[in-house]
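One structure is given below, encoded as structure tokens.
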Amino acid sequence: MGPYWNTIRHIEATPAPFLFFSRAWITFPRPKNYNTPTMNVRLTKEQKIKVLNSTDIYAIMQQVLLRENKIRRNQEHFWVVGLNHNNKILFVELIGLGASNRVNADPPDVFRMAIYKLASKLILVHNHPSGSHEVTDADITFTDHMLKVGKLIKVEVLDHLVITETHYTSFADQGVMDQLKKSGLFEIMGPEKQELEQFKIDTEKKRARKEELLKVAKKMKGEGLTDEVIKKVTGLSLKVIGGI
């Protein structure tokens with residue numbers, strides 16, 4: 001596969017009254033008792049590479065998928081891959097785990113870690129347990145919405161990969177991303193725009209607050225205070241304090 005800016009192919013995205021992803025409807029807001037199983041995926045030093053094309057991303061995400069046991073591989077997973085301005089991988093986050101043919105995801109789930117980790121670009125990845133890496137209309141509609149949200153909050157969505165254990169399809173390589181930029185759908189305005197802008201501000205405040213707490217914890221550690229005392233004062237976890 002070539003770099004992300006190659007081949008352009010015309011693919012139509014049909015407007016829909018609700019958002020849906022991989023053959024499943026996603027409606028907003030979610031039920032109050034719904035919890036998104038977010039999980040930071042641990043990467044080796046060798047995997048934190050500068051991404052040149054979709055092949056690089058698939059090589060890593062195939063390994064991530066194959067780490068799962070057979071039962072988990074029969075569920076749809078949705079990951080986001082955060083990149084810095086040089087296209088170096090900052091994180092891989094699992095933000096959705098669903099049934100064999102559907103998984104839930106919404107804009108705050110997709111973009112929260114990107115804002116928190118100061119990623120300037122994102123790549124979306126989900127698997128099809130059926131073994132088909134064919135792009136569906138549902139996948140295209142979902143990607144279109146995320147692309148427009150990313151434009152609003154200034155986090156560029158570069159690509160969306162549909163993967164299986166042995167193959168993948170890249171929206172960028174197929175020209176879908178270029179086409180969606182011109183689709184005219186999901187232009188963010190009104191209440192959704194205000195909510196997303198506030199979400200970005202709130203997330204940035206949380207990140208700034210944590211950075212301040214880390215500075216305090218570092219100073220306390222330098223003064224010889226125990227991790228337990230630092231935890232009590234800052235509210236940071238022992239794992240975070242231990243890594244300072």
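Letters A, B, ... mark the chains of the structure tokens in the order given; residue numbers begin at 1 per chain; ligand numbers begin at 1, in order shown.
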Each residue of stretch 78-151 of chain A lying at most 8 Å from stretch 178-201 of chain A should get a row with its shortest atom-to-atom pair and the distance in Å to one decimal, counting only C-alpha atoms; could you produce that, ordered by chain and increasing number, as CSV?
residue,atom,partner,partner_atom,distance
A:Pro108,CA,A:Phe199,CA,7.4
A:Arg112,CA,A:Lys200,CA,7.9
A:Ile115,CA,A:Lys200,CA,7.0
A:Asp144,CA,A:Leu180,CA,5.7
A:His145,CA,A:Phe186,CA,5.5
A:Leu147,CA,A:Lys181,CA,7.5
A:Lys148,CA,A:Glu187,CA,6.2
A:Val149,CA,A:Ile188,CA,6.8
List every residue of stretch 78-102 of chain A that has an atom at most 12 Å from any atom of stretch 151-165 of chain A, giving for each one its closest atom pair and the distance in Å to one decimal, counting only C-alpha atoms, sorted by chain and then by ascending residue number, as a tab-separated table.
residue	atom	partner	partner_atom	distance
A:Phe78	CA	A:Val162	CA	9.6
A:Trp79	CA	A:Leu161	CA	9.8
A:Val80	CA	A:His160	CA	9.2
A:Val81	CA	A:Val157	CA	9.9
A:Gly82	CA	A:Val157	CA	9.5
A:Leu83	CA	A:Glu156	CA	9.7
A:Asn84	CA	A:Val155	CA	10.1
A:His85	CA	A:Glu156	CA	10.1
A:Asn87	CA	A:Leu158	CA	10.1
Atoms kept (N, CA and C atoms) for selection, written as a short mmCIF file (atom, residue, chain, number, x, y, z; two decimals), in the first residue's frame:
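Listed below is the output, again-v3.cif:
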data_model
loop_
_atom_site.label_atom_id
_atom_site.label_comp_id
_atom_site.auth_asym_id
_atom_site.auth_seq_id
_atom_site.Cartn_x
_atom_site.Cartn_y
_atom_site.Cartn_z
N PHE A 78 -12.87 -1.48 18.66
CA PHE A 78 -12.62 -0.19 18.02
C PHE A 78 -11.47 0.50 18.76
N TRP A 79 -10.41 0.77 18.02
CA TRP A 79 -9.22 1.42 18.59
C TRP A 79 -9.02 2.79 17.95
N VAL A 80 -8.35 3.67 18.68
CA VAL A 80 -7.86 4.90 18.08
C VAL A 80 -6.34 4.93 18.26
N VAL A 81 -5.65 5.34 17.22
CA VAL A 81 -4.19 5.46 17.24
C VAL A 81 -3.84 6.94 17.16
N GLY A 82 -3.16 7.45 18.18
CA GLY A 82 -2.80 8.87 18.21
C GLY A 82 -1.39 9.10 17.69
N LEU A 83 -1.24 10.12 16.87
CA LEU A 83 0.06 10.46 16.29
C LEU A 83 0.42 11.91 16.63
N ASN A 84 1.72 12.18 16.72
CA ASN A 84 2.14 13.57 16.87
C ASN A 84 2.27 14.21 15.49
N HIS A 85 2.77 15.46 15.44
CA HIS A 85 2.83 16.17 14.16
C HIS A 85 3.82 15.53 13.18
N ASN A 87 3.94 12.27 12.78
CA ASN A 87 3.35 10.94 12.51
C ASN A 87 3.95 9.82 13.36
#
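Going from atom CA of A:Leu97 to atom CA of A:Val240 covers 25.9 Å.
Nearest residue to A:Asp109, choosing from A:Ile95, A:Leu214, A:Met220, A:Val64 and counting only C-alpha atoms: A:Ile95.
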All helix (DSSP H, G or I) residues (DSSP, backbone) inside stretch 38-191 of chain A, as a ChimeraX atom specification: /A:45-47,54-67,70-73,107-116,137-153,176-181,190-191
Residues just named, written with C-alpha atoms as an mmCIF file, in the first residue's frame:
data_model
loop_
_atom_site.group_PDB
_atom_site.id
_atom_site.type_symbol
_atom_site.label_atom_id
_atom_site.label_comp_id
_atom_site.auth_asym_id
_atom_site.auth_seq_id
_atom_site.Cartn_x
_atom_site.Cartn_y
_atom_site.Cartn_z
ATOM 1 C CA LYS A 45 9.478 0.607 21.951
ATOM 2 C CA GLU A 46 9.782 -0.880 18.461
ATOM 3 C CA GLN A 47 6.046 -0.369 17.848
ATOM 4 C CA SER A 54 -1.396 2.098 6.210
ATOM 5 C CA THR A 55 0.864 -0.964 6.073
ATOM 6 C CA ASP A 56 2.761 0.346 9.109
ATOM 7 C CA ILE A 57 -0.461 0.733 11.098
ATOM 8 C CA TYR A 58 -1.812 -2.669 10.071
ATOM 9 C CA ALA A 59 1.439 -4.400 11.069
ATOM 10 C CA ILE A 60 0.983 -3.091 14.621
ATOM 11 C CA MET A 61 -2.790 -3.505 14.880
ATOM 12 C CA GLN A 62 -2.624 -7.060 13.537
ATOM 13 C CA GLN A 63 -0.258 -7.879 16.422
ATOM 14 C CA VAL A 64 -2.620 -6.175 18.879
ATOM 15 C CA LEU A 65 -5.591 -8.171 17.562
ATOM 16 C CA LEU A 66 -3.711 -11.473 17.608
ATOM 17 C CA ARG A 67 -2.760 -10.903 21.258
ATOM 18 C CA LYS A 70 -10.017 -16.539 20.218
ATOM 19 C CA ILE A 71 -13.211 -15.604 22.084
ATOM 20 C CA ARG A 72 -12.268 -11.915 22.259
ATOM 21 C CA ARG A 73 -11.260 -11.944 18.588
ATOM 22 C CA PRO A 107 -16.951 11.535 19.543
ATOM 23 C CA PRO A 108 -15.870 12.002 23.197
ATOM 24 C CA ASP A 109 -14.596 8.403 23.297
ATOM 25 C CA VAL A 110 -12.734 8.852 20.019
ATOM 26 C CA PHE A 111 -11.077 12.185 20.780
ATOM 27 C CA ARG A 112 -10.607 12.261 24.580
ATOM 28 C CA MET A 113 -7.174 10.629 24.655
ATOM 29 C CA ALA A 114 -6.028 12.599 21.608
ATOM 30 C CA ILE A 115 -6.721 15.874 23.417
ATOM 31 C CA TYR A 116 -5.255 14.569 26.665
ATOM 32 C CA ASP A 137 -21.868 2.221 4.201
ATOM 33 C CA ALA A 138 -22.174 2.282 7.992
ATOM 34 C CA ASP A 139 -18.391 2.463 8.357
ATOM 35 C CA ILE A 140 -18.230 5.324 5.853
ATOM 36 C CA THR A 141 -20.989 7.322 7.569
ATOM 37 C CA PHE A 142 -19.346 6.924 10.969
ATOM 38 C CA THR A 143 -15.959 7.977 9.591
ATOM 39 C CA ASP A 144 -17.483 11.029 7.931
ATOM 40 C CA HIS A 145 -18.864 12.217 11.267
ATOM 41 C CA MET A 146 -15.544 11.675 13.080
ATOM 42 C CA LEU A 147 -13.675 13.468 10.284
ATOM 43 C CA LYS A 148 -15.887 16.551 10.713
ATOM 44 C CA VAL A 149 -15.604 16.467 14.514
ATOM 45 C CA GLY A 150 -11.815 16.259 14.173
ATOM 46 C CA LYS A 151 -11.844 19.286 11.879
ATOM 47 C CA LEU A 152 -13.791 21.256 14.484
ATOM 48 C CA ILE A 153 -11.496 20.441 17.418
ATOM 49 C CA VAL A 176 -12.565 7.488 0.872
ATOM 50 C CA MET A 177 -11.051 10.096 3.217
ATOM 51 C CA ASP A 178 -10.585 12.590 0.368
ATOM 52 C CA GLN A 179 -14.139 11.991 -0.771
ATOM 53 C CA LEU A 180 -15.604 12.445 2.716
ATOM 54 C CA LYS A 181 -13.886 15.813 3.119
ATOM 55 C CA GLY A 190 -25.534 24.356 16.814
ATOM 56 C CA PRO A 191 -25.723 22.461 20.128
#
Hey, what's within 12 Å of A:Leu238 if we count only C-alpha atoms and toss same-chain stuff fewer than 3 positions away? As a PDB file with all heavy atoms, in the first residue's frame, please?
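So out-v4.pdb came out as:
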ATOM      1  N   LEU A 214       1.366  16.402  38.976  1.00  0.00           N
ATOM      2  CA  LEU A 214       2.615  15.674  38.753  1.00  0.00           C
ATOM      3  C   LEU A 214       3.821  16.492  39.193  1.00  0.00           C
ATOM      4  O   LEU A 214       4.780  15.962  39.767  1.00  0.00           O
ATOM      5  CB  LEU A 214       2.745  15.293  37.278  1.00  0.00           C
ATOM      6  CG  LEU A 214       1.840  14.145  36.797  1.00  0.00           C
ATOM      7  CD1 LEU A 214       1.857  14.047  35.281  1.00  0.00           C
ATOM      8  CD2 LEU A 214       2.267  12.815  37.420  1.00  0.00           C
ATOM      9  N   ALA A 217       3.863  16.304  42.952  1.00  0.00           N
ATOM     10  CA  ALA A 217       4.309  14.970  43.377  1.00  0.00           C
ATOM     11  C   ALA A 217       5.820  14.817  43.204  1.00  0.00           C
ATOM     12  O   ALA A 217       6.503  14.246  44.068  1.00  0.00           O
ATOM     13  CB  ALA A 217       3.574  13.899  42.575  1.00  0.00           C
ATOM     14  N   THR A 226       7.023   9.784  51.325  1.00  0.00           N
ATOM     15  CA  THR A 226       6.679   8.458  50.813  1.00  0.00           C
ATOM     16  C   THR A 226       5.604   8.559  49.732  1.00  0.00           C
ATOM     17  O   THR A 226       4.850   9.544  49.669  1.00  0.00           O
ATOM     18  CB  THR A 226       6.155   7.537  51.933  1.00  0.00           C
ATOM     19  OG1 THR A 226       4.902   8.062  52.406  1.00  0.00           O
ATOM     20  CG2 THR A 226       7.157   7.461  53.074  1.00  0.00           C
ATOM     21  N   ASP A 227       5.515   7.512  48.917  1.00  0.00           N
ATOM     22  CA  ASP A 227       4.498   7.482  47.864  1.00  0.00           C
ATOM     23  C   ASP A 227       3.090   7.533  48.451  1.00  0.00           C
ATOM     24  O   ASP A 227       2.187   8.142  47.863  1.00  0.00           O
ATOM     25  CB  ASP A 227       4.666   6.213  47.019  1.00  0.00           C
ATOM     26  CG  ASP A 227       5.900   6.273  46.131  1.00  0.00           C
ATOM     27  OD1 ASP A 227       6.633   7.283  46.199  1.00  0.00           O
ATOM     28  OD2 ASP A 227       6.137   5.304  45.377  1.00  0.00           O
ATOM     29  N   GLU A 228       2.883   6.908  49.599  1.00  0.00           N
ATOM     30  CA  GLU A 228       1.559   6.902  50.242  1.00  0.00           C
ATOM     31  C   GLU A 228       1.132   8.310  50.643  1.00  0.00           C
ATOM     32  O   GLU A 228      -0.018   8.699  50.449  1.00  0.00           O
ATOM     33  CB  GLU A 228       1.571   5.985  51.479  1.00  0.00           C
ATOM     34  CG  GLU A 228       1.605   4.495  51.162  1.00  0.00           C
ATOM     35  CD  GLU A 228       0.309   3.990  50.537  1.00  0.00           C
ATOM     36  OE1 GLU A 228      -0.703   4.725  50.570  1.00  0.00           O
ATOM     37  OE2 GLU A 228       0.310   2.864  50.001  1.00  0.00           O
ATOM     38  N   VAL A 229       2.062   9.066  51.183  1.00  0.00           N
ATOM     39  CA  VAL A 229       1.764  10.450  51.576  1.00  0.00           C
ATOM     40  C   VAL A 229       1.470  11.290  50.337  1.00  0.00           C
ATOM     41  O   VAL A 229       0.516  12.079  50.309  1.00  0.00           O
ATOM     42  CB  VAL A 229       2.944  11.062  52.374  1.00  0.00           C
ATOM     43  CG1 VAL A 229       2.733  12.571  52.567  1.00  0.00           C
ATOM     44  CG2 VAL A 229       3.102  10.368  53.708  1.00  0.00           C
ATOM     45  N   ILE A 230       2.275  11.101  49.289  1.00  0.00           N
ATOM     46  CA  ILE A 230       2.078  11.848  48.040  1.00  0.00           C
ATOM     47  C   ILE A 230       0.709  11.526  47.439  1.00  0.00           C
ATOM     48  O   ILE A 230      -0.002  12.412  46.952  1.00  0.00           O
ATOM     49  CB  ILE A 230       3.200  11.529  47.027  1.00  0.00           C
ATOM     50  CG1 ILE A 230       4.554  11.973  47.583  1.00  0.00           C
ATOM     51  CG2 ILE A 230       2.929  12.207  45.687  1.00  0.00           C
ATOM     52  CD1 ILE A 230       5.748  11.514  46.764  1.00  0.00           C
ATOM     53  N   LYS A 231       0.325  10.259  47.513  1.00  0.00           N
ATOM     54  CA  LYS A 231      -0.986   9.846  47.006  1.00  0.00           C
ATOM     55  C   LYS A 231      -2.106  10.546  47.762  1.00  0.00           C
ATOM     56  O   LYS A 231      -3.081  11.030  47.166  1.00  0.00           O
ATOM     57  CB  LYS A 231      -1.141   8.327  47.131  1.00  0.00           C
ATOM     58  CG  LYS A 231      -2.499   7.810  46.647  1.00  0.00           C
ATOM     59  CD  LYS A 231      -2.676   6.337  46.930  1.00  0.00           C
ATOM     60  CE  LYS A 231      -4.083   5.885  46.537  1.00  0.00           C
ATOM     61  NZ  LYS A 231      -4.328   4.474  46.893  1.00  0.00           N
ATOM     62  N   LYS A 232      -1.965  10.618  49.083  1.00  0.00           N
ATOM     63  CA  LYS A 232      -2.986  11.235  49.917  1.00  0.00           C
ATOM     64  C   LYS A 232      -3.140  12.722  49.581  1.00  0.00           C
ATOM     65  O   LYS A 232      -4.238  13.262  49.546  1.00  0.00           O
ATOM     66  CB  LYS A 232      -2.604  11.066  51.392  1.00  0.00           C
ATOM     67  CG  LYS A 232      -3.786  10.902  52.330  1.00  0.00           C
ATOM     68  CD  LYS A 232      -3.330  10.531  53.732  1.00  0.00           C
ATOM     69  CE  LYS A 232      -3.325   9.028  53.893  1.00  0.00           C
ATOM     70  NZ  LYS A 232      -3.107   8.624  55.304  1.00  0.00           N
ATOM     71  N   VAL A 233      -2.039  13.393  49.320  1.00  0.00           N
ATOM     72  CA  VAL A 233      -2.054  14.834  49.055  1.00  0.00           C
ATOM     73  C   VAL A 233      -2.535  15.149  47.641  1.00  0.00           C
ATOM     74  O   VAL A 233      -3.340  16.062  47.425  1.00  0.00           O
ATOM     75  CB  VAL A 233      -0.646  15.443  49.276  1.00  0.00           C
ATOM     76  CG1 VAL A 233      -0.606  16.898  48.827  1.00  0.00           C
ATOM     77  CG2 VAL A 233      -0.246  15.325  50.737  1.00  0.00           C
ATOM     78  N   THR A 234      -2.047  14.390  46.646  1.00  0.00           N
ATOM     79  CA  THR A 234      -2.324  14.724  45.243  1.00  0.00           C
ATOM     80  C   THR A 234      -3.507  13.974  44.643  1.00  0.00           C
ATOM     81  O   THR A 234      -4.096  14.416  43.655  1.00  0.00           O
ATOM     82  CB  THR A 234      -1.091  14.425  44.370  1.00  0.00           C
ATOM     83  OG1 THR A 234      -0.821  13.009  44.416  1.00  0.00           O
ATOM     84  CG2 THR A 234       0.118  15.204  44.854  1.00  0.00           C
ATOM     85  N   GLY A 235      -3.815  12.791  45.209  1.00  0.00           N
ATOM     86  CA  GLY A 235      -4.872  11.971  44.622  1.00  0.00           C
ATOM     87  C   GLY A 235      -4.401  11.138  43.451  1.00  0.00           C
ATOM     88  O   GLY A 235      -5.180  10.404  42.837  1.00  0.00           O
ATOM     89  N   ILE A 241       2.679   7.714  40.570  1.00  0.00           N
ATOM     90  CA  ILE A 241       3.725   8.272  41.446  1.00  0.00           C
ATOM     91  C   ILE A 241       5.015   7.481  41.316  1.00  0.00           C
ATOM     92  O   ILE A 241       6.107   8.042  41.264  1.00  0.00           O
ATOM     93  CB  ILE A 241       3.249   8.290  42.912  1.00  0.00           C
ATOM     94  CG1 ILE A 241       2.058   9.245  43.066  1.00  0.00           C
ATOM     95  CG2 ILE A 241       4.360   8.696  43.870  1.00  0.00           C
ATOM     96  CD1 ILE A 241       1.274   9.090  44.351  1.00  0.00           C
ATOM     97  N   GLY A 242       4.895   6.156  41.221  1.00  0.00           N
ATOM     98  CA  GLY A 242       6.071   5.292  41.082  1.00  0.00           C
ATOM     99  C   GLY A 242       6.831   5.543  39.800  1.00  0.00           C
ATOM    100  O   GLY A 242       8.036   5.300  39.720  1.00  0.00           O
ATOM    101  N   GLY A 243       6.138   6.040  38.783  1.00  0.00           N
ATOM    102  CA  GLY A 243       6.782   6.295  37.496  1.00  0.00           C
ATOM    103  C   GLY A 243       7.432   7.670  37.382  1.00  0.00           C
ATOM    104  O   GLY A 243       8.031   8.001  36.364  1.00  0.00           O
ATOM    105  N   ILE A 244       7.302   8.476  38.429  1.00  0.00           N
ATOM    106  CA  ILE A 244       7.867   9.826  38.393  1.00  0.00           C
ATOM    107  C   ILE A 244       9.386   9.779  38.595  1.00  0.00           C
ATOM    108  O   ILE A 244       9.861   9.110  39.481  1.00  0.00           O
ATOM    109  CB  ILE A 244       7.232  10.736  39.479  1.00  0.00           C
ATOM    110  CG1 ILE A 244       5.759  10.933  39.178  1.00  0.00           C
ATOM    111  CG2 ILE A 244       7.949  12.089  39.562  1.00  0.00           C
ATOM    112  CD1 ILE A 244       5.000  11.662  40.262  1.00  0.00           C
TER     113      ILE A 244
END
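Picture a line from atom CA of A:His128 to atom CA of A:Gly98; it runs 10.9 Å.
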